[in-house]
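K.L.:
Structure file query_19.cif (mmCIF, C-alpha atoms) is given on the next line.
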data_protein
loop_
_atom_site.label_atom_id
_atom_site.label_comp_id
_atom_site.auth_asym_id
_atom_site.auth_seq_id
_atom_site.Cartn_x
_atom_site.Cartn_y
_atom_site.Cartn_z
CA MET A 1 19.78 -19.06 8.09
CA GLU A 2 19.40 -15.31 8.23
CA HIS A 3 18.78 -15.33 4.49
CA LEU A 4 16.24 -18.13 4.69
CA GLU A 5 14.36 -16.40 7.47
CA LEU A 6 14.21 -13.09 5.59
CA PHE A 7 13.16 -14.92 2.44
CA PHE A 8 10.13 -16.62 3.97
CA LYS A 9 9.29 -13.63 6.12
CA SER A 10 9.08 -11.31 3.11
CA ILE A 11 7.02 -13.73 1.04
CA PHE A 12 4.47 -14.85 3.59
CA ILE A 13 4.45 -12.79 6.77
CA ASP A 14 5.21 -9.32 5.41
CA ASN A 15 3.57 -9.99 2.08
CA MET A 16 3.55 -6.77 0.06
CA VAL A 17 -0.12 -6.97 -0.86
CA PHE A 18 -1.72 -8.66 2.12
CA ALA A 19 0.20 -7.10 4.99
CA THR A 20 1.11 -3.64 3.73
CA PHE A 21 -1.24 -3.08 0.74
CA LEU A 22 1.56 -2.09 -1.59
CA GLY A 23 1.02 -2.15 -5.32
CA MET A 24 -2.73 -2.45 -4.99
CA CYS A 25 -3.48 -0.33 -8.05
CA SER A 26 -1.87 -2.57 -10.60
CA TYR A 27 -2.81 -5.58 -8.49
CA LEU A 28 -6.48 -4.74 -9.01
CA ALA A 29 -6.21 -3.53 -12.58
CA VAL A 30 -4.08 -6.27 -14.16
CA SER A 31 -5.51 -9.29 -12.35
CA LYS A 32 -8.32 -10.10 -14.77
CA LYS A 33 -6.31 -12.74 -16.65
CA VAL A 34 -3.68 -15.12 -15.31
CA SER A 35 -1.36 -14.66 -18.29
CA THR A 36 -1.02 -10.88 -17.94
CA ALA A 37 -0.78 -11.24 -14.18
CA VAL A 38 2.20 -13.57 -14.61
CA GLY A 39 3.87 -11.08 -16.95
CA LEU A 40 3.46 -8.16 -14.59
CA GLY A 41 4.46 -10.23 -11.58
CA ALA A 42 7.65 -11.32 -13.30
CA ALA A 43 8.41 -7.73 -14.25
CA VAL A 44 7.94 -6.66 -10.63
CA ILE A 45 10.29 -9.38 -9.34
CA PHE A 46 12.88 -8.35 -11.91
CA VAL A 47 12.66 -4.62 -11.20
CA MET A 48 12.72 -5.15 -7.44
CA ALA A 49 15.72 -7.46 -7.65
CA ILE A 50 17.61 -4.62 -9.32
CA THR A 51 16.32 -1.54 -7.56
CA VAL A 52 16.42 -2.66 -3.92
CA PRO A 53 20.17 -3.50 -3.92
CA LEU A 54 20.91 -0.35 -5.96
CA ASN A 55 18.99 1.78 -3.50
CA TRP A 56 20.74 -0.03 -0.65
CA LEU A 57 24.09 1.07 -2.09
CA LEU A 58 22.80 4.63 -2.49
CA ASP A 59 21.47 4.63 1.04
CA THR A 60 24.60 3.20 2.63
CA TYR A 61 27.24 5.15 0.76
CA ILE A 62 25.53 8.47 0.06
CA LEU A 63 22.34 9.16 1.96
CA LYS A 64 22.70 7.86 5.51
CA ASP A 65 23.87 10.01 8.39
CA GLY A 66 27.66 9.99 8.09
CA ALA A 67 27.59 7.82 4.98
CA LEU A 68 29.85 10.17 3.08
CA ALA A 69 32.74 9.46 5.46
CA TRP A 70 34.49 7.45 2.74
CA LEU A 71 35.05 10.74 0.87
CA GLY A 72 37.10 12.15 3.69
CA GLU A 73 36.87 13.48 7.24
CA GLU A 74 35.15 16.76 6.37
CA TYR A 75 32.19 14.97 4.77
CA ALA A 76 31.48 12.67 7.71
CA SER A 77 28.96 15.03 9.32
CA TYR A 78 26.61 15.23 6.32
CA ASP A 79 23.15 13.65 6.60
CA LEU A 80 21.41 13.54 3.24
CA SER A 81 18.64 11.15 4.23
CA PHE A 82 15.98 13.75 3.42
CA LEU A 83 16.91 13.25 -0.23
CA SER A 84 16.15 9.54 -0.14
CA PHE A 85 12.67 9.81 -1.71
CA ILE A 86 13.93 11.65 -4.72
CA MET A 87 17.01 9.46 -5.18
CA PHE A 88 15.07 6.22 -4.82
CA ILE A 89 12.34 7.21 -7.23
CA ALA A 90 14.84 8.46 -9.80
CA THR A 91 16.67 5.12 -9.67
CA ILE A 92 13.41 3.24 -10.00
CA ALA A 93 12.09 5.35 -12.87
CA THR A 94 15.32 4.88 -14.80
CA MET A 95 15.38 1.13 -14.23
CA VAL A 96 11.75 0.80 -15.26
CA GLN A 97 12.39 2.66 -18.48
CA LEU A 98 15.25 0.26 -19.12
CA VAL A 99 13.06 -2.77 -18.48
CA GLU A 100 10.43 -1.31 -20.78
CA ILE A 101 12.94 -0.96 -23.61
CA VAL A 102 14.23 -4.51 -23.07
CA VAL A 103 10.74 -6.05 -22.97
CA GLU A 104 9.65 -4.14 -26.08
CA LYS A 105 12.70 -5.45 -27.91
CA PHE A 106 12.57 -9.09 -26.84
CA SER A 107 8.89 -9.81 -26.21
CA PRO A 108 6.52 -7.57 -28.19
CA ALA A 109 3.56 -9.81 -27.25
CA LEU A 110 4.17 -9.28 -23.55
CA TYR A 111 4.75 -5.59 -24.21
CA ASN A 112 1.39 -5.27 -25.93
CA SER A 113 -0.52 -7.21 -23.30
CA LEU A 114 0.96 -5.20 -20.43
CA GLY A 115 0.09 -2.02 -22.27
CA ILE A 116 0.02 1.03 -20.08
CA PHE A 117 1.01 -0.88 -16.97
CA LEU A 118 4.66 -1.29 -17.80
CA PRO A 119 5.46 2.41 -17.42
CA LEU A 120 3.20 2.36 -14.40
CA ILE A 121 5.52 -0.11 -12.67
CA ALA A 122 7.50 3.04 -11.93
CA VAL A 123 4.61 4.21 -9.84
CA ASN A 124 3.87 0.78 -8.44
CA CYS A 125 3.97 1.36 -4.73
CA ALA A 126 5.46 -2.09 -4.21
CA ILE A 127 8.71 -1.06 -5.88
CA LEU A 128 9.24 2.17 -3.98
CA GLY A 129 7.78 0.58 -0.86
CA GLY A 130 10.36 -2.19 -1.08
CA SER A 131 13.16 0.37 -1.09
CA LEU A 132 11.62 2.43 1.70
CA PHE A 133 11.04 -0.62 3.90
CA MET A 134 14.59 -1.72 3.15
CA GLN A 135 15.72 1.64 4.50
CA SER A 136 13.44 1.76 7.54
CA ARG A 137 14.08 -1.86 8.57
CA GLU A 138 17.83 -1.21 8.35
CA ILE A 139 18.77 -4.25 6.32
CA GLU A 140 22.44 -4.85 6.96
CA THR A 141 24.22 -6.25 3.93
CA LEU A 142 23.94 -5.99 0.17
CA GLY A 143 23.18 -9.71 -0.05
CA LEU A 144 20.26 -9.36 2.35
CA ALA A 145 18.98 -6.35 0.40
CA PHE A 146 19.03 -8.40 -2.81
CA ASN A 147 17.29 -11.23 -1.01
CA TYR A 148 14.68 -8.83 0.33
CA GLY A 149 14.01 -7.39 -3.13
CA VAL A 150 13.60 -10.78 -4.77
CA SER A 151 11.49 -12.32 -2.03
CA SER A 152 9.15 -9.33 -1.72
CA GLY A 153 8.76 -9.48 -5.49
CA ILE A 154 7.91 -13.17 -5.25
CA GLY A 155 5.37 -12.39 -2.54
CA TRP A 156 3.72 -9.84 -4.79
CA PHE A 157 3.81 -12.29 -7.70
CA LEU A 158 2.14 -14.93 -5.56
CA ALA A 159 -0.60 -12.50 -4.56
CA ILE A 160 -1.43 -11.30 -8.05
CA LEU A 161 -1.29 -14.83 -9.45
CA SER A 162 -3.74 -16.17 -6.88
CA ILE A 163 -6.20 -13.29 -7.22
CA ALA A 164 -6.09 -13.58 -11.03
CA ALA A 165 -6.84 -17.30 -10.79
CA ILE A 166 -9.74 -16.67 -8.42
CA ARG A 167 -11.13 -13.89 -10.62
CA GLU A 168 -11.07 -16.18 -13.65
CA LYS A 169 -13.12 -18.74 -11.74
CA ILE A 170 -15.48 -16.26 -10.13
CA ARG A 171 -16.79 -15.23 -13.53
CA TYR A 172 -19.00 -18.33 -13.41
CA SER A 173 -20.41 -17.52 -10.00
CA ASN A 174 -23.54 -15.61 -9.23
CA VAL A 175 -22.20 -12.50 -7.49
CA PRO A 176 -24.67 -9.74 -6.52
CA PRO A 177 -24.63 -7.21 -9.40
CA ALA A 178 -23.38 -4.29 -7.32
CA LEU A 179 -20.45 -6.32 -6.01
CA ARG A 180 -19.34 -7.61 -9.39
CA GLY A 181 -15.83 -6.72 -10.48
CA LEU A 182 -14.14 -4.40 -8.05
CA GLY A 183 -16.22 -4.97 -4.92
CA ILE A 184 -15.87 -8.72 -4.75
CA THR A 185 -12.18 -8.47 -5.58
CA PHE A 186 -11.65 -6.27 -2.55
CA ILE A 187 -13.51 -8.65 -0.29
CA ILE A 188 -11.68 -11.71 -1.63
CA THR A 189 -8.38 -9.92 -1.10
CA GLY A 190 -9.45 -9.18 2.46
CA LEU A 191 -10.24 -12.84 3.05
CA MET A 192 -6.93 -13.88 1.51
CA ALA A 193 -5.17 -11.40 3.77
CA ILE A 194 -6.83 -13.05 6.78
CA GLY A 195 -5.52 -16.35 5.48
CA PHE A 196 -2.02 -14.95 5.14
CA MET A 197 -2.15 -13.65 8.71
CA SER A 198 -1.96 -17.25 9.84
CA PHE A 199 1.60 -17.38 8.52
CA GLY A 200 2.44 -14.87 11.25
CA GLY A 201 3.31 -17.61 13.71
CA MET A 202 5.61 -19.35 11.25
CA LEU A 203 8.88 -17.83 12.41
CA THR A 204 8.09 -16.40 15.83
CA GLY A 205 7.10 -17.98 19.08
CA GLY A 206 7.22 -21.51 17.73
CA ASP A 207 9.20 -22.80 20.73
CA GLU A 208 6.77 -21.70 23.40
CA GLU A 209 3.78 -23.10 21.59
CA VAL A 210 5.34 -26.52 21.18
CA LYS A 211 6.02 -26.85 24.88
CA LYS A 212 2.42 -26.43 25.96
CA PRO A 213 0.99 -29.62 24.42
CA GLU A 214 3.99 -31.60 25.71
CA THR A 215 3.35 -30.55 29.27
CA THR A 216 -0.34 -31.31 28.97
CA ILE A 217 0.46 -34.76 27.58
CA GLU A 218 2.83 -35.36 30.48
CA ALA A 219 0.18 -34.18 32.87
CA ILE A 220 -2.32 -36.56 31.32
CA ASN A 221 0.24 -39.40 31.51
CA THR A 222 0.86 -38.80 35.19
CA GLN A 223 -2.85 -38.60 35.82
CA GLU A 224 -3.29 -41.91 34.06
CA LYS A 225 -0.49 -43.46 36.11
CA GLU A 226 -2.08 -42.21 39.29
CA LEU A 227 -5.43 -43.55 38.16
CA ALA A 228 -3.85 -46.92 37.35
CA ASN A 229 -2.18 -46.96 40.75
CA THR A 230 -5.41 -46.19 42.55
CA ILE A 231 -7.17 -48.87 40.51
CA LYS A 232 -4.40 -51.35 41.44
CA GLY A 233 -4.71 -50.22 45.04
CA THR A 234 -8.43 -50.95 45.11
CA GLU A 235 -7.85 -54.38 43.58
CA MET B 236 -20.21 33.36 -8.38
CA GLY B 237 -17.99 34.35 -11.24
CA LEU B 238 -15.11 32.45 -9.68
CA LEU B 239 -16.40 28.97 -10.50
CA SER B 240 -18.34 28.30 -13.67
CA LYS B 241 -20.68 25.33 -13.84
CA LYS B 242 -18.01 23.24 -15.56
CA ASP B 243 -15.48 24.12 -12.89
CA THR B 244 -17.84 23.13 -10.09
CA LYS B 245 -18.35 19.80 -11.82
CA LEU B 246 -14.59 19.24 -11.74
CA ILE B 247 -14.74 19.39 -7.96
CA THR B 248 -18.01 17.61 -7.26
CA ASP B 249 -17.72 14.74 -9.76
CA PRO B 250 -14.86 12.93 -8.04
CA LEU B 251 -16.70 13.06 -4.72
CA ALA B 252 -19.20 10.41 -5.75
CA ASP B 253 -19.79 9.26 -9.31
CA ASN B 254 -16.20 9.42 -10.46
CA ASN B 255 -14.53 8.74 -7.13
CA PRO B 256 -10.80 8.07 -7.53
CA ILE B 257 -10.82 5.11 -5.15
CA THR B 258 -14.08 3.30 -5.74
CA ILE B 259 -14.57 4.01 -9.45
CA GLN B 260 -11.21 4.88 -10.99
CA VAL B 261 -9.41 2.37 -8.72
CA LEU B 262 -6.49 4.69 -8.07
CA GLY B 263 -4.55 5.29 -4.89
CA ILE B 264 -5.71 2.24 -3.00
CA CYS B 265 -2.25 1.47 -1.67
CA SER B 266 -1.97 4.18 0.93
CA ALA B 267 -5.72 4.42 1.44
CA LEU B 268 -5.86 1.09 3.20
CA ALA B 269 -2.73 0.92 5.25
CA ILE B 270 -3.16 4.01 7.40
CA THR B 271 -6.89 4.02 8.05
CA ALA B 272 -6.86 2.22 11.40
CA GLU B 273 -7.07 5.66 13.05
CA LEU B 274 -9.18 8.60 11.98
CA GLU B 275 -6.45 11.14 12.72
CA ALA B 276 -3.96 9.44 10.43
CA SER B 277 -6.58 9.30 7.67
CA ILE B 278 -7.23 13.02 7.95
CA VAL B 279 -3.56 13.96 7.94
CA MET B 280 -2.96 11.68 4.96
CA SER B 281 -5.85 13.33 3.10
CA ILE B 282 -4.45 16.80 3.76
CA ALA B 283 -1.02 15.69 2.55
CA VAL B 284 -2.49 14.31 -0.66
CA LEU B 285 -4.61 17.44 -1.10
CA PHE B 286 -1.47 19.57 -0.95
CA VAL B 287 0.63 17.36 -3.21
CA LEU B 288 -2.05 16.82 -5.83
CA GLY B 289 -3.25 20.44 -5.87
CA VAL B 290 0.21 21.95 -6.23
CA GLY B 291 1.57 19.13 -8.40
CA ASN B 292 -1.28 19.41 -10.89
CA VAL B 293 -0.61 23.13 -11.29
CA VAL B 294 3.14 22.63 -11.75
CA ILE B 295 2.70 19.87 -14.32
CA SER B 296 0.03 21.84 -16.11
CA LEU B 297 2.34 24.85 -16.36
CA MET B 298 5.15 22.69 -17.72
CA ARG B 299 2.98 20.56 -19.99
CA ASN B 300 4.23 22.14 -23.20
CA ILE B 301 7.92 21.83 -22.43
CA ILE B 302 8.04 18.27 -21.04
CA PRO B 303 9.27 15.81 -23.70
CA SER B 304 6.69 13.04 -23.71
CA LYS B 305 9.29 10.25 -23.56
CA ILE B 306 10.63 11.21 -20.19
CA ARG B 307 7.47 12.69 -18.74
CA ILE B 308 7.12 10.00 -16.07
CA ILE B 309 10.52 10.80 -14.60
CA VAL B 310 9.75 14.52 -14.67
CA GLN B 311 6.41 13.93 -12.95
CA LEU B 312 8.02 11.72 -10.33
CA ILE B 313 10.63 14.33 -9.52
CA VAL B 314 7.95 17.00 -9.08
CA VAL B 315 5.92 14.74 -6.79
CA ALA B 316 8.98 13.60 -4.86
CA THR B 317 9.96 17.20 -4.16
CA LEU B 318 6.48 18.03 -2.87
CA VAL B 319 6.39 14.88 -0.76
CA ILE B 320 9.75 15.72 0.82
CA ILE B 321 8.25 19.05 1.86
CA VAL B 322 5.26 17.26 3.41
CA ASP B 323 7.51 14.75 5.15
CA LEU B 324 9.74 17.42 6.66
CA VAL B 325 6.75 19.48 7.81
CA LEU B 326 5.22 16.41 9.45
CA LYS B 327 8.49 15.52 11.16
CA ALA B 328 8.78 19.05 12.50
CA PHE B 329 5.22 19.61 13.73
CA ALA B 330 3.68 16.17 14.27
CA TYR B 331 6.54 13.80 14.99
CA GLU B 332 4.43 11.05 16.62
CA LEU B 333 2.07 11.00 13.69
CA SER B 334 4.88 10.86 11.16
CA LYS B 335 6.12 7.77 13.01
CA THR B 336 2.67 6.17 12.63
CA LEU B 337 2.51 6.97 8.95
CA SER B 338 6.14 5.78 8.54
CA VAL B 339 6.90 4.92 4.93
CA PHE B 340 3.41 5.75 3.76
CA VAL B 341 4.21 9.43 3.50
CA GLY B 342 6.95 8.51 1.06
CA LEU B 343 4.52 6.32 -0.78
CA ILE B 344 2.40 9.34 -1.69
CA ILE B 345 4.97 9.63 -4.50
CA THR B 346 3.72 6.44 -6.03
CA ASN B 347 0.11 7.06 -5.13
CA CYS B 348 -1.58 6.24 -8.39
CA ILE B 349 -4.11 9.06 -7.96
CA ILE B 350 -1.37 11.59 -8.39
CA MET B 351 0.27 10.06 -11.45
CA GLY B 352 -3.15 9.16 -12.84
CA ARG B 353 -4.41 12.75 -12.63
CA PHE B 354 -1.15 14.12 -14.06
CA GLU B 355 -1.44 11.80 -17.03
CA ALA B 356 -5.16 12.08 -17.55
CA PHE B 357 -5.77 15.72 -16.78
CA ALA B 358 -2.89 18.06 -16.03
CA LEU B 359 -1.00 17.23 -19.23
CA ALA B 360 -3.97 18.36 -21.31
CA ASN B 361 -5.52 21.26 -19.38
CA GLY B 362 -4.67 24.72 -18.08
CA PRO B 363 -3.41 25.41 -14.56
CA TRP B 364 -6.68 26.67 -13.01
CA LYS B 365 -8.70 23.70 -14.23
CA SER B 366 -5.94 21.33 -13.19
CA PHE B 367 -5.90 22.86 -9.75
CA LEU B 368 -9.65 22.32 -9.37
CA ASP B 369 -9.33 18.79 -10.68
CA GLY B 370 -6.58 18.11 -8.17
CA ILE B 371 -8.63 19.49 -5.30
CA GLY B 372 -11.72 17.56 -6.39
CA ASN B 373 -9.93 14.26 -6.71
CA SER B 374 -8.09 14.56 -3.44
CA LEU B 375 -11.37 15.42 -1.72
CA GLY B 376 -12.90 12.30 -3.25
CA TYR B 377 -9.93 10.35 -1.90
CA ALA B 378 -10.35 12.03 1.48
CA VAL B 379 -14.04 11.10 1.69
CA ILE B 380 -13.31 7.38 1.36
CA LEU B 381 -10.32 7.55 3.70
CA ILE B 382 -12.33 9.32 6.36
CA ILE B 383 -15.30 6.95 6.08
CA VAL B 384 -13.02 3.92 6.39
CA GLY B 385 -11.00 5.51 9.20
CA PHE B 386 -14.17 6.48 11.05
CA PHE B 387 -15.62 2.98 11.08
CA ARG B 388 -12.35 1.22 11.78
CA GLU B 389 -11.49 3.42 14.74
CA LEU B 390 -15.05 3.49 16.11
CA LEU B 391 -15.63 -0.25 15.91
CA GLY B 392 -12.05 -1.29 16.52
CA SER B 393 -11.05 0.76 19.52
CA GLY B 394 -14.25 2.64 20.46
CA THR B 395 -12.61 6.03 19.99
CA LEU B 396 -12.71 8.86 17.46
CA LEU B 397 -9.57 10.96 17.03
CA GLY B 398 -8.32 9.23 20.17
CA ILE B 399 -11.29 10.38 22.29
CA PRO B 400 -13.42 7.55 23.73
CA VAL B 401 -16.99 7.94 22.48
CA LEU B 402 -18.54 4.63 23.43
CA GLY B 403 -17.69 4.78 27.14
CA ASP B 404 -14.86 3.15 29.05
CA ALA B 405 -14.02 -0.41 28.03
CA ILE B 406 -12.31 -1.28 31.32
CA GLU B 407 -14.75 0.28 33.78
CA LYS B 408 -17.74 -0.92 31.74
CA THR B 409 -19.48 2.40 31.26
CA GLY B 410 -21.51 3.60 28.26
CA VAL B 411 -22.40 0.89 25.76
CA TYR B 412 -19.85 -1.45 27.37
CA ALA B 413 -22.26 -1.77 30.30
CA PHE B 414 -24.58 -3.72 27.98
CA GLY B 415 -21.88 -6.26 27.16
CA TYR B 416 -20.52 -4.52 24.05
CA GLU B 417 -16.92 -5.39 23.17
CA ASN B 418 -14.45 -3.65 20.89
CA ASN B 419 -13.93 -5.57 17.69
CA GLY B 420 -10.14 -5.68 17.58
CA PHE B 421 -10.34 -7.33 14.22
CA MET B 422 -11.28 -3.99 12.65
CA LEU B 423 -7.79 -2.71 13.43
CA LEU B 424 -6.12 -5.46 11.44
CA ALA B 425 -5.14 -4.99 7.83
CA PRO B 426 -7.70 -7.26 6.11
CA MET B 427 -10.69 -5.36 7.45
CA ALA B 428 -9.62 -2.24 5.56
CA LEU B 429 -10.05 -4.14 2.31
CA ILE B 430 -13.39 -5.55 3.32
CA THR B 431 -14.62 -2.13 4.48
CA VAL B 432 -13.73 -0.58 1.13
CA GLY B 433 -15.43 -3.53 -0.59
CA LEU B 434 -18.58 -2.83 1.38
CA ILE B 435 -18.44 0.89 0.54
CA ILE B 436 -18.23 -0.04 -3.14
CA TRP B 437 -21.19 -2.36 -2.67
CA VAL B 438 -23.31 0.37 -1.09
CA GLN B 439 -22.31 2.92 -3.71
CA ARG B 440 -23.07 0.67 -6.64
CA SER B 441 -26.36 -0.51 -5.22
CA ARG B 442 -27.47 3.11 -4.99
CA ASN B 443 -26.29 4.00 -8.47
CA THR B 444 -26.83 1.01 -10.74
CA GLU B 445 -25.19 2.73 -13.72
CA LEU B 446 -21.82 2.04 -12.14
CA VAL B 447 -22.25 -1.74 -12.05
CA GLU B 448 -19.65 -3.63 -14.09
CA ASP B 449 -20.81 -6.06 -16.81
#
Is it possible to express this structure as structure tokens?

P.N.:
Amino acid sequence: MEHLELFFKSIFIDNMVFATFLGMCSYLAVSKKVSTAVGLGAAVIFVMAITVPLNWLLDTYILKDGALAWLGEEYASYDLSFLSFIMFIATIATMVQLVEIVVEKFSPALYNSLGIFLPLIAVNCAILGGSLFMQSREIETLGLAFNYGVSSGIGWFLAILSIAAIREKIRYSNVPPALRGLGITFIITGLMAIGFMSFGGMLTGGDEEVKKPETTIEAINTQEKELANTIKGTE
Amino acid sequence: MGLLSKKDTKLITDPLADNNPITIQVLGICSALAITAELEASIVMSIAVLFVLGVGNVVISLMRNIIPSKIRIIVQLIVVATLVIIVDLVLKAFAYELSKTLSVFVGLIITNCIIMGRFEAFALANGPWKSFLDGIGNSLGYAVILIIVGFFRELLGSGTLLGIPVLGDAIEKTGVYAFGYENNGFMLLAPMALITVGLIIWVQRSRNTELVED
């Protein structure tokens, strides 16, 4: 249940692009065609699925306040959390280089179409942001961290896929010249973000909102009964 | 006047408008949008980026001949990460409340595409002084957009600037609120940042039609 909740929360409510604006640079630059968008989105899911759990392990066993206690009593007082930026980004950069080598080997077509953006996954804010949010939201177990990485990646994938599809269609529309390209993409993303805000009520406050209509229906029922009684009375 | 030649001045002024990192080069959007609900946060973020990009460009430019090109991204990231840690610690020490507001977005300066973009496009090919000017110019261009967006979002969203009420008191109905004006709380929400930047791009490209895409 905890896993399911985190899964849907990271995809829809805390969507990387629409709620926190992470990974906007590649989101805007690679979303002209659906096929490249799918490639980059898949790469992001893959990299996040690896780096978030790895960084969780780093955070829990090395960086956190008192995390070094497993080395022995005298290390328990160390707090290395100021090093987390540098450790996280080093992990990510290494993993991205690895992914780049693997993709170049197994799918040269994808490698060519992604072009400069594969190395730039390293500087995709979504990847580092995933790790930093994992740290600041204090995700508890390795399994949840893995879940968080995958589902945030899927959320990002969903966002870039939908904007790419819209941009392919919008080419046939008559957009004001000055808004063409970047401007309209920003505004569409804004509108999509408003749409995604409606998912906000998906996991919270559902109980209270259900009760209200019930009580009003009951109230209406009693009113009707009273009305019927008064009608009977007059007859 | 000998300090800045004409070419050097161009390095600083170009990114302010016609080659703006955000609206034209499409770099560094990530952090630009998330923290602009308040003007103060936008200004502090701009200063942080100014520091990191100015110093980082010089460091990378000095090391450009000894960095092996295959691992340059990791080297660049380590340089940026070090500078960002400095910024983060300074913020935590002197402006703790603000560093809470900015939360992970200080860390995300590391992956701010402006920084990597300028390293790749400029600092790796030019001397330290030019790179420094380029860094300053681009971070000022970034700051301009951030401050415009932050200004409008805070003014229209909460009726304040830098936390000081400028439109009168919303509860006691003074100032413009006396005429039935209401704060537009929607401006404080995330989507409006995107739409505001979209509108800025619209204005900019209508004024300078050379920038219009196909």

K.L.:
Could you write out as a list in words the residues of chain A within 6 Å of chain B, counting all atoms listed in the file?

P.N.:
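Those within range of chain B come out as Phe21, Leu22, Met24, Cys25, Ile86, Ala93, Val123, Cys125, Ala178, Leu179, Gly183, Phe186, Ile187, Gly190, Ala193 and Ile194 of chain A.
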
K.L.:
Figure out the distance between CA of Thr271 (chain B) and CA of Tyr416 (chain B), please, to one decimal in Å.

P.N.:
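Going from CA of Tyr416 (chain B) over to CA of Thr271 (chain B) covers 22.7 Å.
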
K.L.:
Can you work out the spacing between CA of Lys365 (chain B) and CA of Ser296 (chain B) in Å, to one decimal?

P.N.:
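Computing the Euclidean distance for CA of Lys365 (chain B) and CA of Ser296 (chain B) yields 9.1 Å.
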
K.L.:
Take the PyMOL selection byres ((chain B and resi 293) around 8), run it mentally on this structure, and tell me the resulting residues as a ChimeraX atom specification.

P.N.:
/B:289-292,294-297,358,363-364,366-367

K.L.:
Go through the shown structure with the PyMOL selection byres ((chain A and resi 82) around 8) and write out the matching residues as a list in words.

P.N.:
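Expected selection for the PyMOL selection byres ((chain A and resi 82) around 8) here is Leu63, Asp79, Leu80, Ser81, Leu83, Ser84 and Phe85 of chain A; Ile320 and Leu324 of chain B.
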
K.L.:
Please list as a list in words every residue within 7 Å of Leu246 (chain B), counting all atoms listed in the file and excluding residues in the same chain fewer than 3 positions away.

P.N.:
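Counting only the stated atoms, we get Lys242, Asp243, Asp249, Leu368, Asp369 and Gly372 of chain B.
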
K.L.:
Which residue gives the smallest distance to Ile282 (chain B) among B:Pro400, B:Phe421, B:Val322, B:Gly394, with all atoms listed in the file counted?

P.N.:
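Closest to Ile282 (chain B) of all the choices is B:Val322.
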
K.L.:
Do you have the CA of Glu2 (chain A)-CA of Thr60 (chain A) distance handy?

P.N.:
20.0 Å

K.L.:
Name the residues in contact with Phe8 (chain A) at a cut-off of 10 Å, using all atoms listed in the file, excluding same-chain residues fewer than 6 positions from it; report them as a CSV table (one decimal) with C-alpha atoms, in the frame of the given file.

P.N.:
chain,number,residue,atom,x,y,z
A,14,ASP,CA,5.2,-9.3,5.4
A,15,ASN,CA,3.6,-10.0,2.1
A,148,TYR,CA,14.7,-8.8,0.3
A,151,SER,CA,11.5,-12.3,-2.0
A,152,SER,CA,9.2,-9.3,-1.7
A,155,GLY,CA,5.4,-12.4,-2.5
A,199,PHE,CA,1.6,-17.4,8.5
A,202,MET,CA,5.6,-19.4,11.2
A,203,LEU,CA,8.9,-17.8,12.4

K.L.:
Given the choices B:Leu390, B:Asn419, B:Arg353, B:Leu337, which gets closest to Ile278 (chain B) if the distance is worked out from all atoms listed in the file?

P.N.:
B:Leu337

K.L.:
Of the candidates A:Ala109, A:Leu28, A:Val52, A:Leu71, which one gets nearest to Gly153 (chain A) if we count all atoms listed in the file?

P.N.:
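Nearest to Gly153 (chain A): A:Val52.
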